[in-house]
Structure formats: C-alpha cells, structure tokens
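Q: What follows is my_file19.txt, made up of compact mmCIF, C-alpha atoms:
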```
# COMPACT_ATOMS: atom_id res chain seq x y z
CA MET A 292 87.37 61.14 105.46
CA LYS A 293 85.87 59.10 102.65
CA THR A 294 83.26 61.72 101.87
CA LEU A 295 85.97 64.34 102.02
CA ILE A 296 87.97 62.60 99.31
CA ALA A 297 84.85 61.96 97.26
CA LEU A 298 83.88 65.63 97.39
CA PHE A 299 87.41 66.68 96.52
CA ARG A 300 87.43 64.30 93.56
CA LYS A 301 84.09 65.68 92.43
CA ASP A 302 85.47 69.22 92.38
CA LEU A 303 88.51 68.05 90.49
CA LEU A 304 86.41 66.14 87.97
CA LEU A 305 84.12 69.13 87.48
CA GLU A 306 87.18 71.23 86.78
CA PHE A 307 88.29 68.75 84.11
CA ARG A 308 84.86 68.38 82.56
CA GLN A 309 84.02 72.06 82.51
CA GLN A 310 87.37 73.23 81.39
CA TYR A 311 86.09 76.55 80.17
CA SER A 312 85.97 77.94 83.70
CA PHE A 313 89.54 76.89 84.41
CA TYR A 314 90.73 78.30 81.12
CA GLY A 315 88.77 81.41 81.95
CA VAL A 316 90.80 81.90 85.10
CA LEU A 317 94.03 81.14 83.24
CA LEU A 318 93.16 83.69 80.62
CA TYR A 319 92.35 86.17 83.37
CA VAL A 320 95.79 85.65 84.91
CA ALA A 321 97.58 85.95 81.58
CA SER A 322 95.70 88.99 80.36
CA THR A 323 95.97 90.98 83.61
CA ILE A 324 99.69 90.36 83.75
CA PHE A 325 100.05 91.28 80.09
CA VAL A 326 98.12 94.51 80.64
CA LEU A 327 100.34 95.23 83.60
CA TYR A 328 103.38 94.72 81.42
CA LEU A 329 102.01 97.13 78.83
CA ALA A 330 101.36 99.69 81.54
CA MET A 331 104.49 99.27 83.65
CA GLY A 332 107.20 97.71 81.49
CA GLN A 333 109.76 96.15 83.80
CA PRO A 334 109.50 97.81 87.21
CA GLU A 335 111.91 97.82 90.15
CA GLU A 336 111.83 94.93 92.54
CA GLN A 337 109.78 96.69 95.23
CA VAL A 338 107.12 97.60 92.71
CA TRP A 339 107.36 94.15 91.15
CA ASN A 340 106.69 92.61 94.53
CA GLY A 341 103.76 94.88 95.31
CA LEU A 342 102.20 94.23 91.92
CA PHE A 343 102.73 90.51 92.24
CA TRP A 344 100.75 90.32 95.47
CA MET A 345 97.99 92.57 94.23
CA ILE A 346 97.61 90.32 91.19
CA GLN A 347 97.64 87.28 93.48
CA LEU A 348 94.78 88.85 95.39
CA PHE A 349 92.70 89.42 92.28
CA ILE A 350 93.47 85.97 90.92
CA CYS A 351 92.36 84.52 94.21
CA VAL A 352 89.10 86.45 94.27
CA ASN A 353 88.31 85.36 90.72
CA GLY A 354 89.58 81.80 90.96
CA VAL A 355 88.01 80.98 94.28
CA ALA A 356 84.75 82.90 93.95
CA LYS A 357 83.17 80.35 91.68
CA SER A 358 83.68 77.51 94.15
CA PHE A 359 80.42 78.27 95.92
CA LEU A 360 78.74 80.34 93.28
CA GLN A 361 78.71 77.47 90.82
CA GLU A 362 76.73 75.33 93.25
CA SER A 363 73.04 75.75 92.60
CA ARG A 364 70.44 75.58 95.37
CA GLY A 365 69.29 72.16 94.33
CA ARG A 366 72.77 70.76 94.26
CA MET A 367 73.51 72.18 97.72
CA LEU A 368 70.44 70.35 98.97
CA TYR A 369 71.78 67.18 97.42
CA TYR A 370 75.13 67.56 99.17
CA TYR A 371 73.25 68.29 102.35
CA SER A 372 71.67 64.88 102.23
CA LEU A 373 74.95 63.16 101.40
CA ALA A 374 77.70 64.77 103.45
CA GLY A 375 78.23 66.78 106.58
CA PRO A 376 79.00 70.51 106.41
CA ARG A 377 82.50 69.98 107.82
CA ASP A 378 83.50 67.58 105.07
CA PHE A 379 82.05 69.88 102.51
CA ILE A 380 83.90 73.02 103.60
CA LEU A 381 87.13 71.08 104.14
CA SER A 382 87.03 69.66 100.64
CA LYS A 383 86.41 73.15 99.25
CA LEU A 384 89.24 74.66 101.28
CA PHE A 385 91.59 71.94 100.17
CA PHE A 386 90.58 72.09 96.54
CA ASN A 387 90.94 75.87 96.37
CA ALA A 388 94.31 75.70 98.07
CA VAL A 389 95.54 73.34 95.35
CA LEU A 390 94.01 75.49 92.63
CA MET A 391 95.58 78.63 94.07
CA ALA A 392 98.98 76.97 94.35
CA ILE A 393 98.88 76.18 90.63
CA LEU A 394 97.75 79.70 89.79
CA SER A 395 100.47 81.22 92.00
CA ILE A 396 103.19 79.34 90.18
CA LEU A 397 101.69 80.31 86.85
CA ALA A 398 101.47 83.95 87.89
CA TRP A 399 105.11 83.91 88.97
CA ALA A 400 106.17 82.36 85.64
CA LEU A 401 104.26 85.00 83.68
CA PHE A 402 105.58 87.78 85.88
CA SER A 403 109.13 86.61 85.29
CA LEU A 404 108.48 86.40 81.57
CA PHE A 405 106.92 89.84 81.13
CA LEU A 406 107.90 92.04 84.05
CA GLY A 407 111.45 90.85 84.55
CA ALA A 408 112.87 88.41 87.06
CA PRO A 409 114.33 90.26 90.05
CA VAL A 410 113.95 87.27 92.38
CA ARG A 411 117.33 86.12 93.66
CA ASN A 412 116.30 83.42 96.05
CA GLY A 413 113.96 81.41 93.83
CA LEU A 414 113.26 78.60 96.25
CA ARG A 415 112.28 80.95 99.02
CA PHE A 416 110.07 83.02 96.77
CA PHE A 417 108.43 79.85 95.50
CA GLY A 418 107.68 78.79 99.07
CA ILE A 419 106.31 82.19 100.03
CA ALA A 420 104.17 82.46 96.89
CA VAL A 421 102.58 79.05 97.45
CA PHE A 422 102.21 79.62 101.21
CA GLY A 423 100.70 83.05 100.62
CA GLY A 424 98.36 81.73 97.95
CA PHE A 425 97.28 79.06 100.40
CA GLY A 426 96.42 81.67 103.05
CA LEU A 427 94.55 83.86 100.59
CA SER A 428 92.57 80.93 99.21
CA LEU A 429 91.45 79.89 102.72
CA VAL A 430 90.05 83.30 103.58
CA PHE A 431 88.35 83.78 100.24
CA THR A 432 86.87 80.29 100.18
CA PHE A 433 85.05 81.01 103.40
CA LEU A 434 84.02 84.46 102.22
CA SER A 435 82.66 83.00 99.00
CA ALA A 436 80.55 80.68 101.14
CA ILE A 437 79.17 83.78 102.88
CA ALA A 438 78.77 85.75 99.67
CA ALA A 439 76.96 82.85 98.02
CA ARG A 440 74.12 83.35 100.50
CA ALA A 441 73.66 86.91 99.29
CA GLN A 442 72.87 88.20 95.84
CA GLN A 443 75.33 90.09 93.59
CA ASN A 444 77.95 88.05 95.32
CA ALA A 445 81.13 88.55 93.29
CA ALA A 446 81.31 92.24 94.13
CA LEU A 447 80.33 91.54 97.71
CA MET A 448 83.23 89.14 98.11
CA ALA A 449 85.73 91.87 97.32
CA ILE A 450 84.10 94.27 99.77
CA LEU A 451 84.07 91.67 102.54
CA GLY A 452 87.49 90.28 101.80
CA PHE A 453 89.79 93.20 101.15
CA PRO A 454 89.81 94.71 104.63
CA LEU A 455 90.25 91.25 106.15
CA ILE A 456 93.15 90.35 103.91
CA ILE A 457 95.20 93.58 104.08
CA LEU A 458 97.16 92.45 107.09
CA GLN A 459 98.09 89.09 105.61
CA LEU A 460 99.01 90.73 102.33
CA MET A 461 101.27 93.24 104.06
CA PHE A 462 103.12 90.45 105.82
CA LEU A 463 103.44 88.46 102.62
CA MET A 464 104.91 91.45 100.82
CA LYS A 465 107.42 91.93 103.59
CA LEU A 466 108.26 88.24 103.58
CA SER A 467 108.74 87.99 99.86
CA ASN A 468 110.85 91.14 99.84
CA THR A 469 113.51 89.07 101.54
CA ALA A 470 113.73 86.85 98.46
CA PHE A 471 115.09 89.75 96.40
CA SER A 472 118.42 90.01 98.15
CA LYS A 473 120.86 87.82 99.95
CA VAL A 474 120.24 89.66 103.21
CA ILE A 475 118.74 87.52 105.92
CA GLN A 476 116.08 89.01 108.12
CA GLU A 477 115.77 87.61 111.59
CA SER A 478 112.07 88.27 112.09
CA LEU A 479 111.33 85.96 109.15
CA LEU A 480 110.34 83.02 111.29
CA GLN A 481 108.11 85.15 113.46
CA MET A 482 106.18 86.37 110.43
CA VAL A 483 105.86 82.86 108.99
CA LEU A 484 104.56 81.57 112.32
CA LEU A 485 102.10 84.42 112.59
CA LEU A 486 100.76 83.76 109.10
CA ALA A 487 100.58 80.02 109.75
CA GLY A 488 98.67 80.78 112.95
CA MET A 489 96.21 82.93 111.04
CA ASP A 490 95.74 80.18 108.44
CA ALA A 491 95.03 77.68 111.18
CA MET A 492 92.57 80.10 112.75
CA VAL A 493 90.74 80.55 109.44
CA ILE A 494 90.42 76.78 109.03
CA VAL A 495 89.09 76.32 112.56
CA LEU A 496 86.64 79.20 112.20
CA SER A 497 85.39 77.84 108.87
CA LEU A 498 84.80 74.46 110.45
CA ILE A 499 82.87 76.01 113.33
CA LEU A 500 80.89 78.58 111.39
CA PHE A 501 80.12 76.86 108.11
CA PRO A 502 77.35 74.62 109.52
CA PHE A 503 75.35 77.79 110.25
CA LEU A 504 75.69 79.05 106.71
CA TRP A 505 74.76 75.83 105.12
CA LYS A 506 71.30 75.13 106.44
CA ASP A 507 68.62 77.27 104.95
CA MET B 13 61.82 111.65 133.16
CA ARG B 14 63.31 108.76 135.05
CA LEU B 15 66.97 107.98 134.64
CA SER B 16 68.59 104.83 135.91
CA TRP B 17 71.67 105.22 138.07
CA TRP B 18 74.21 104.51 135.36
CA LYS B 19 72.82 107.20 133.09
CA ILE B 20 73.16 109.76 135.87
CA LEU B 21 76.66 108.44 136.52
CA CYS B 22 77.47 108.86 132.84
CA ILE B 23 76.29 112.48 132.81
CA VAL B 24 78.24 113.29 135.98
CA GLN B 25 81.38 111.61 134.66
CA LEU B 26 81.30 113.42 131.34
CA LEU B 27 80.58 116.78 132.98
CA LEU B 28 83.45 116.30 135.40
CA LEU B 29 85.64 115.12 132.56
CA SER B 30 84.98 118.18 130.46
CA VAL B 31 86.23 120.29 133.36
CA ALA B 32 89.03 118.07 134.68
CA GLY B 33 90.14 117.08 131.22
CA LEU B 34 90.73 120.64 130.14
CA ILE B 35 92.03 122.32 133.30
CA GLY B 36 93.31 119.40 135.39
CA GLY B 37 97.04 119.02 135.93
CA VAL B 38 99.08 117.03 133.46
CA PRO B 39 102.78 116.17 133.46
CA ALA B 40 104.84 118.22 130.99
CA LYS B 41 106.30 115.73 128.56
CA PRO B 42 108.51 116.58 125.61
CA ILE B 43 106.68 116.65 122.27
CA LEU B 44 103.38 115.65 123.88
CA ASN B 45 103.03 118.69 126.17
CA GLU B 46 99.40 119.68 126.57
CA THR B 47 98.25 117.36 123.77
CA ILE B 48 98.48 114.58 126.33
CA ARG B 49 94.95 115.61 127.30
CA ASN B 50 93.80 113.89 124.14
CA LEU B 51 94.22 110.69 126.13
CA TYR B 52 90.87 111.40 127.79
CA TYR B 53 89.08 111.60 124.46
CA HIS B 54 91.05 109.70 121.84
CA VAL B 55 92.12 106.67 123.87
CA ALA B 56 88.78 106.45 125.67
CA MET B 57 87.10 106.20 122.23
CA TRP B 58 89.18 103.12 121.42
CA PHE B 59 88.31 101.54 124.73
CA ALA B 60 84.63 102.13 123.99
CA MET B 61 85.00 100.79 120.44
CA SER B 62 86.74 97.64 121.62
CA ILE B 63 84.07 97.04 124.24
CA PHE B 64 81.29 97.46 121.68
CA PHE B 65 82.88 95.15 119.14
CA VAL B 66 83.34 92.50 121.82
CA VAL B 67 79.71 92.90 122.93
CA SER B 68 78.67 92.69 119.29
CA VAL B 69 80.52 89.45 118.66
CA VAL B 70 79.24 87.91 121.91
CA ASN B 71 75.69 88.70 120.81
CA ALA B 72 76.40 87.23 117.38
CA VAL B 73 77.47 83.99 119.06
CA MET B 74 74.36 84.08 121.24
CA TYR B 75 72.23 84.57 118.15
CA LEU B 76 73.70 81.54 116.43
CA ARG B 77 73.20 79.47 119.56
CA THR B 78 69.63 80.47 120.33
CA GLY B 79 68.22 82.04 117.16
CA LYS B 80 66.48 84.79 119.13
CA GLN B 81 66.03 87.98 117.15
CA LYS B 82 66.90 90.32 120.03
CA TYR B 83 70.51 89.14 120.01
CA ASP B 84 70.73 90.12 116.37
CA PHE B 85 69.49 93.63 117.21
CA TYR B 86 72.08 93.91 119.97
CA SER B 87 74.80 92.64 117.71
CA VAL B 88 74.21 95.04 114.86
CA GLU B 89 73.55 98.09 117.03
CA TYR B 90 76.70 97.57 119.10
CA ALA B 91 78.64 97.18 115.86
CA ASN B 92 77.12 100.47 114.69
CA SER B 93 78.17 102.24 117.86
CA GLY B 94 81.60 100.68 117.58
CA ILE B 95 81.97 102.17 114.10
CA VAL B 96 80.90 105.62 115.35
CA PHE B 97 83.32 105.54 118.26
CA GLY B 98 86.09 104.11 116.11
CA THR B 99 85.63 106.92 113.59
CA LEU B 100 85.71 109.48 116.39
CA GLY B 101 88.87 107.82 117.74
CA LEU B 102 90.47 108.02 114.32
CA LEU B 103 89.47 111.68 113.89
CA THR B 104 90.66 112.76 117.35
CA GLY B 105 93.87 110.89 116.65
CA MET B 106 94.31 112.67 113.34
CA VAL B 107 93.83 116.07 114.93
CA TRP B 108 96.43 115.14 117.52
CA ALA B 109 98.83 113.72 114.93
CA ASN B 110 98.56 116.92 112.93
CA TYR B 111 100.12 118.83 115.84
CA THR B 112 102.63 116.28 117.07
CA TRP B 113 103.66 114.38 113.94
CA GLY B 114 103.08 117.22 111.52
CA ALA B 115 100.53 115.39 109.38
CA PRO B 116 97.11 113.91 110.07
CA TRP B 117 97.98 110.64 108.35
CA SER B 118 101.39 109.02 108.24
CA ASN B 119 100.80 105.30 107.65
CA ASP B 120 101.51 104.41 111.22
CA PRO B 121 100.68 100.74 111.96
CA LYS B 122 98.14 101.89 114.52
CA GLN B 123 96.36 104.16 112.10
CA LEU B 124 96.28 101.39 109.51
CA GLY B 125 94.90 98.89 112.00
CA ALA B 126 92.19 101.31 113.06
CA ALA B 127 91.20 102.07 109.49
CA ILE B 128 91.06 98.35 108.67
CA ALA B 129 88.85 97.72 111.69
CA ILE B 130 86.36 100.34 110.59
CA LEU B 131 86.37 99.05 106.99
CA ILE B 132 85.64 95.53 108.21
CA TYR B 133 82.59 96.60 110.17
CA VAL B 134 81.31 98.80 107.37
CA ALA B 135 81.60 95.74 105.12
CA TYR B 136 79.53 93.91 107.74
CA LEU B 137 76.77 96.49 107.36
CA VAL B 138 76.95 96.27 103.57
CA LEU B 139 76.64 92.49 103.77
CA ARG B 140 73.56 92.80 105.95
CA GLY B 141 72.07 95.34 103.62
CA SER B 142 72.41 93.00 100.66
CA LEU B 143 70.30 90.28 102.30
CA PRO B 144 66.59 91.03 102.09
CA ASP B 145 65.42 88.08 104.17
CA LEU B 146 65.44 88.96 107.88
CA ASP B 147 66.36 85.55 109.21
CA LYS B 148 69.06 84.97 106.63
CA ARG B 149 70.43 88.44 107.19
CA ALA B 150 70.77 87.81 110.90
CA ARG B 151 72.45 84.44 110.47
CA VAL B 152 74.88 85.33 107.68
CA GLY B 153 75.61 88.63 109.44
CA ALA B 154 76.41 86.82 112.68
CA VAL B 155 78.73 84.40 110.88
CA TYR B 156 80.64 87.24 109.21
CA ASN B 157 80.73 89.19 112.47
CA ILE B 158 82.43 86.32 114.29
CA PHE B 159 84.81 85.59 111.42
CA ALA B 160 85.75 89.25 111.06
CA PHE B 161 86.25 89.69 114.78
CA PHE B 162 88.80 86.92 114.95
CA MET B 163 90.61 88.32 111.94
CA LEU B 164 90.56 91.68 113.67
CA ILE B 165 92.28 90.50 116.83
CA PRO B 166 95.74 90.34 115.23
CA THR B 167 95.09 93.58 113.34
CA ILE B 168 94.40 95.84 116.28
CA TRP B 169 95.54 93.98 119.37
CA VAL B 170 98.61 91.99 118.33
CA ILE B 171 100.37 93.62 115.39
CA PRO B 172 100.55 97.14 116.86
CA ARG B 173 102.47 95.66 119.75
CA LEU B 174 105.05 94.10 117.45
CA LEU B 175 105.75 96.84 114.94
CA GLU B 176 107.66 100.03 115.50
CA SER B 177 105.58 103.15 115.65
CA LEU B 178 105.70 106.81 116.54
CA HIS B 179 102.56 106.45 118.56
CA PRO B 180 102.84 106.99 122.32
CA GLY B 181 103.35 103.61 123.89
CA GLY B 182 105.79 102.89 121.06
CA MET B 183 106.32 99.22 120.58
CA GLY B 184 104.49 98.11 123.68
CA ASN B 185 100.94 98.78 124.70
CA PRO B 186 99.15 100.45 121.81
CA ALA B 187 96.67 102.32 123.97
CA LEU B 188 98.89 104.29 126.23
CA ASN B 189 102.32 104.46 127.75
CA THR B 190 101.76 103.88 131.43
CA LYS B 191 104.97 105.74 132.19
CA ASP B 192 103.73 108.87 130.46
CA ILE B 193 100.84 109.56 132.76
CA ASP B 194 100.92 110.38 136.46
CA SER B 195 98.45 109.58 139.22
CA ARG B 196 96.27 112.63 138.55
CA MET B 197 95.82 111.65 134.95
CA ARG B 198 95.31 108.01 135.82
CA LEU B 199 92.45 108.98 138.10
CA VAL B 200 90.70 111.10 135.48
CA PHE B 201 91.31 108.53 132.76
CA TRP B 202 90.11 105.41 134.51
CA LEU B 203 87.39 106.93 136.68
CA LEU B 204 85.90 109.46 134.28
CA ALA B 205 86.99 109.12 130.67
CA VAL B 206 86.84 105.39 129.95
CA PRO B 207 83.62 104.56 131.83
CA GLY B 208 82.01 107.89 130.91
CA TRP B 209 82.37 107.54 127.15
CA SER B 210 81.59 103.83 127.24
CA LEU B 211 78.40 104.44 129.19
CA LEU B 212 77.39 107.16 126.77
CA GLY B 213 77.86 104.68 123.92
CA VAL B 214 75.81 102.05 125.74
CA TRP B 215 73.10 104.62 126.34
CA ILE B 216 72.94 105.56 122.65
CA THR B 217 72.92 101.91 121.68
CA THR B 218 70.11 100.94 124.06
CA LEU B 219 68.01 103.78 122.67
CA ARG B 220 68.60 102.56 119.14
CA ILE B 221 67.77 98.99 120.13
CA ARG B 222 64.52 100.09 121.75
CA TYR B 223 63.63 102.04 118.64
CA LYS B 224 64.33 99.03 116.50
CA VAL B 225 62.25 96.72 118.67
CA LEU B 226 59.33 99.16 118.49
CA GLU B 227 59.67 99.37 114.74
CA GLU B 228 59.61 95.59 114.56
CA LYS B 229 56.45 95.46 116.67
CA LYS B 230 54.78 98.02 114.47
CA LEU B 231 55.59 95.91 111.42
CA GLN B 232 54.14 92.83 113.03
CA HIS B 233 50.88 94.54 113.95
CA ALA B 234 50.51 96.33 110.65
```
Go ahead and render the structure in this file as structure tokens.
A:
Amino acid sequence: MKTLIALFRKDLLLEFRQQYSFYGVLLYVASTIFVLYLAMGQPEEQVWNGLFWMIQLFICVNGVAKSFLQESRGRMLYYYSLAGPRDFILSKLFFNAVLMAILSILAWALFSLFLGAPVRNGLRFFGIAVFGGFGLSLVFTFLSAIAARAQQNAALMAILGFPLIILQLMFLMKLSNTAFSKVIQESLLQMVLLLAGMDAMVIVLSLILFPFLWKD
Amino acid sequence: MRLSWWKILCIVQLLLLSVAGLIGGVPAKPILNETIRNLYYHVAMWFAMSIFFVVSVVNAVMYLRTGKQKYDFYSVEYANSGIVFGTLGLLTGMVWANYTWGAPWSNDPKQLGAAIAILIYVAYLVLRGSLPDLDKRARVGAVYNIFAFFMLIPTIWVIPRLLESLHPGGMGNPALNTKDIDSRMRLVFWLLAVPGWSLLGVWITTLRIRYKVLEEKKLQHA
C-alpha cells in the first residue's frame, strides 16, 4: 500500500514537473474539439453523443499511451528492484483513471461550449462521462503496458484496443443517450452493472497478467 | 498413408454431411424454409471457432505457466484456425442473411459481435508480428490472448443473449433455436456437422503445427 501511494505520487509529480506533456494532451483535446466544431457546427443530440464518445476514445488513447511509453528500460529496471508488479500496475491504473476523469470533464465543457449543450440531465451525464472515462482508461492502461513491449507502439495500441473497446463504447453511448431526455430507461441499471463488471474484470486481469509482461 | 481413427471419422462425417445436409429432411418453417440447412454449415463454423479460441487461450495460459515453446505454437495456430472458421461463419451467415433478411449486413448484434471477435484475433496476429524476439513475442502474445479472450466473452457469449435480434434464436441462445429444429436435424447437426467441421479444423491445425515445429528444427540446425 505504501509503495502504491509512493508510485502514484511519483506519477503525479512527474506530471507537474514535465507539464509540457499534460499541456500537450490538453491542447490535443481542445484542438480536436475545435476542428470538430469547424466541421460539424452544432449537431443533433444523437450525433453529439456519438462524437463525444469517439473523442473520449481518442483522448484516452493519447492521454494514457504515454504512461508506459515514457518509462525507459533503465527506469523500469529500477522500479523492478523497488516495487512489485502489482503495485506498479495498480498505481498506473489509478493515476490514469484520475487523469481521464479530468480530461472527460474538460472534454464535456469544451463540447458544451463549441458544439452546443443538448444534455438535459447534467448530473447523470457527468456520472456517465466519468464512469466511462474510467473504464476506457483501465483498458488502455493495460494495452499500453502490452504495446510498450513492442516497437512502434502508439499505432499498435489503437489496433489492439479498438476492437476490445467497441462493446463498452456502444453501451456508454446508449447509457449517455438517456441523459438527453427526461425519459427513464429501465435497463439502465443492468447496463451500469455490466460495465462495472467489465471494469472489475479488467482490473483483475491486469493484476494477474502484468507480472508476465514486466520481467524481461 | 496412415490415418488415425479421428481423421477417418472426420472424412466419413463430412461426406455423410454433404449428402444428408443437402437432401435430408428438414421441417418447413416460415421465412427460414430450406435455408435452415445453413445450420449445418454456418452454426457448426461458430462451434468450431469457439472451440479453437478456447483451446488457444488454454495454451496461452499453459505457455505462461511453463514457458515451453510448443504451447505457443498451439496457441497461435489454433487462433489462426479460429479466425479462418470465424470468417467462414460470417460469410455463410451473410449469404444466408442476403436471402432471409434481404441484405448481407444489417448491423445485427450477432454480426457485430462476430466481426469484433475476428478483429480482436487479427490484432493478436499483428501484435505478434511486431515483436521480432521469439521469446518476447510468445509471452506478450499470450498475455494479449488471455486479456482479449476475457473481453470477448461478453461480446459473443453474453451480449447476444441480452439484445434483440432478427437472428434465429432471437433473444435467447445465439447459436440456434432449439424449437426450430426437429429430431432429424438434431441428429445430423450434433453427430455430423459440429464434430465433423471441428475435427477438420483440428486436422488442419495439427498439420500447421507440425510444419512449424519442423521449420523451427531446421532453423536450429542451420
């Protein structure tokens, strides 16, 4: 637990010290959404929703990818001598989840600013956006750990991740669609539980499988 | 040429199937009519694919546990066969859908799930291809294989049971509607089609594994 917190703090500190990478991601978010606005104007709510989740996906790939790619071989060896693989992956998962939550809120704010604000039930949409961002960040954190073992990894991450994430993304789109009207859908809870179950599965799988990735 | 018993069984089953599948009796169902015969080919492909993906993931686990190269060969070759059978399943399904639904592709949850499954395993092959080191390739490949398999379970075995679909079996069992087929069809399906196609796939895979092992030996002695 102590190493976990230490590793998490280290990631946080790195983010503060090397602010260019964080600003890079922020700029990425802002410019993609701005380009979208130039291309689409203010679309209908269905389109808005679809675009929002696609942008979330790309933000996630770009924001999370660096978490393992920034670690050089030597530094990995250093961590290896200090902490266990489980602590390491857990701290990464947790850190990326926090990062993605911040980026999700930012993306929503920018979307509302540029592409119009069709969301009626703000609280629910907020919850779904953060929850969805959490799920996406988990999957892509683990995939970035895999991709970091291979060369030309950033492109590889997209290839590996997109088919795995489609299902989750489809559910998230359906879920967040409910935030556009006052209509209540009864299968809401079922979908949330299913997604939560998948998130839990990803965490457990990462804990089991990461030790094999880590030793070289 | 010496053939082991299961290869002979496979040949006999597929020969019988090609006769019984085309001229055997089938119940006349509305909409489905004679296309119900596709059950012997299309659905059997999915059974074979599922079996191969399960075998592949079991071998991936075995590889991570023992580190023996042969498990890696098994794992990747069964994944390959799974992709081939999955693609055939998708194609036979599209031919069928063209006649019964009016279009080869209609965004049915089952079609989407099948397409996702194939994409995942093709990504697995791409990942392996991008790793030049043999040992690393096997280990990282096995890790992705296991991860992808667990992500696949909801995609092709859980979700299709929950969502509405035009596919026979509707909201229940994605493979087949047990009420649609009668005892004649059940006999042909379970005795000939499913084991026949699966055995053929195993046969192809074992040949490929043997080829790969020989290649490996040649490299070592070179």
Q: Using only C-alpha atoms, which protein or nucleic acid residues come within 6 Å of region 204-217 of chain B? Drop anything in the same chain fewer than 2 positions from it, and give the result as an NGL selection string.
A: :B and (22 or 25-26 or 29 or 52 or 56 or 60 or 200-202 or 219-220)
Q: Nearest to Val410 (chain A) among A:Ser478, A:Asn387, A:Ser467, A:Gln309, with distances taken over only C-alpha atoms: which residue is it?
A: A:Ser467
Q: If we count only C-alpha atoms, which residues of chain A reach to within 10 Å of chain B? Please list them as a ChimeraX atom specification.
A: /A:430,433-434,436-438,440-444,447-459,485,489,492-493,496-497,499-505,507
Q: Fewer than 2 positions away in the same chain doesn't count, so skip those; otherwise give me all residues within 6 Å of region 66-70 of chain B, counting only C-alpha atoms, as a list in words.
A: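 The filter keeps Ile63, Phe64, Ala72, Val73, Ser87, Tyr90, Ala91 and Ile158 of chain B.
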Q: Write out as a PyMOL selection string which residues come within 9 Å of Glu362 (chain A) when counting only C-alpha atoms, dropping same-chain ones fewer than 5 positions away.
A: chain A and resi 357+367+439
Q: Using CA of Ile95 (chain B) and CA of Pro172 (chain B) as the two end points, give the distance in Å to one decimal.
A: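 Straight-line distance from CA of Ile95 (chain B) to CA of Pro172 (chain B) works out to 19.4 Å.
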Q: Excluding region 96-99 of chain B and residues on its chain fewer than 3 positions from it, collect all residues at most 8 Å away from it, counting all atoms listed in the file, and give them as an NGL selection string.
A: :B and (57-58 or 60-61 or 92-93 or 102-103 or 126 or 130 or 213)
Q: Could you name the residues that touch region 328-343 of chain A at 12 Å or less, counting only C-alpha atoms, but leaving out those on the same chain fewer than 2 positions away, as a ChimeraX atom specification?
A: /A:320-326,345-350,395-411,416,419-420,423-424,460-472
Q: Given the selection you just returned, output its residues as a file containing C-alpha atoms, formatted as a compact mmCIF listing (two decimals), keeping the file's coordinate frame.
A:
```txt
# COMPACT_ATOMS: atom_id res chain seq x y z
CA VAL A 320 95.79 85.65 84.91
CA ALA A 321 97.58 85.95 81.58
CA SER A 322 95.70 88.99 80.36
CA THR A 323 95.97 90.98 83.61
CA ILE A 324 99.69 90.36 83.75
CA PHE A 325 100.05 91.28 80.09
CA VAL A 326 98.12 94.51 80.64
CA MET A 345 97.99 92.57 94.23
CA ILE A 346 97.61 90.32 91.19
CA GLN A 347 97.64 87.28 93.48
CA LEU A 348 94.78 88.85 95.39
CA PHE A 349 92.70 89.42 92.28
CA ILE A 350 93.47 85.97 90.92
CA SER A 395 100.47 81.22 92.00
CA ILE A 396 103.19 79.34 90.18
CA LEU A 397 101.69 80.31 86.85
CA ALA A 398 101.47 83.95 87.89
CA TRP A 399 105.11 83.91 88.97
CA ALA A 400 106.17 82.36 85.64
CA LEU A 401 104.26 85.00 83.68
CA PHE A 402 105.58 87.78 85.88
CA SER A 403 109.13 86.61 85.29
CA LEU A 404 108.48 86.40 81.57
CA PHE A 405 106.92 89.84 81.13
CA LEU A 406 107.90 92.04 84.05
CA GLY A 407 111.45 90.85 84.55
CA ALA A 408 112.87 88.41 87.06
CA PRO A 409 114.33 90.26 90.05
CA VAL A 410 113.95 87.27 92.38
CA ARG A 411 117.33 86.12 93.66
CA PHE A 416 110.07 83.02 96.77
CA ILE A 419 106.31 82.19 100.03
CA ALA A 420 104.17 82.46 96.89
CA GLY A 423 100.70 83.05 100.62
CA GLY A 424 98.36 81.73 97.95
CA LEU A 460 99.01 90.73 102.33
CA MET A 461 101.27 93.24 104.06
CA PHE A 462 103.12 90.45 105.82
CA LEU A 463 103.44 88.46 102.62
CA MET A 464 104.91 91.45 100.82
CA LYS A 465 107.42 91.93 103.59
CA LEU A 466 108.26 88.24 103.58
CA SER A 467 108.74 87.99 99.86
CA ASN A 468 110.85 91.14 99.84
CA THR A 469 113.51 89.07 101.54
CA ALA A 470 113.73 86.85 98.46
CA PHE A 471 115.09 89.75 96.40
CA SER A 472 118.42 90.01 98.15
```
Q: Name the closest residue to Glu46 (chain B) among the candidates B:Ser16, B:Ser30, B:Thr112, B:Asn71; distances are taken between atoms, counting all atoms listed in the file.
A: B:Thr112
Q: Figure out the distance between CA of Gly94 (chain B) and CA of Thr432 (chain A), please, to one decimal in Å.
A: 27.3 Å
Q: For a test of reading the model, state the distance in Å between CA of Gly426 (chain A) and CA of Phe359 (chain A), rounded to one decimal.
A: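 Atom-to-atom, CA of Gly426 (chain A) and CA of Phe359 (chain A) are spaced 17.8 Å apart.
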Q: Report the centre and edge lengths, in Å to one decimal, of an axis-aligned box enclosing every atom of region 101-115 of chain B listed in the file, padded by 3 Å on each side, as lines of an AutoDock Vina configuration file.
A:
```
center_x = 96.3
center_y = 113.3
center_z = 113.6
size_x = 20.8
size_y = 17.0
size_z = 14.4
```
Q: Between A:Ala356, A:Cys351, A:Leu373, A:Leu317, which has the minimum distance to Phe425 (chain A) (counting only C-alpha atoms)?
A: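 Nearest candidate to Phe425 (chain A) out of A:Ala356, A:Cys351, A:Leu373, A:Leu317: A:Cys351.
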Q: Using only C-alpha atoms, which residue out of B:Val170, B:Ile35, B:Val88, B:Ile43 lies closest to Ile221 (chain B)?
A: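 Selected residue with least distance to Ile221 (chain B): B:Val88.
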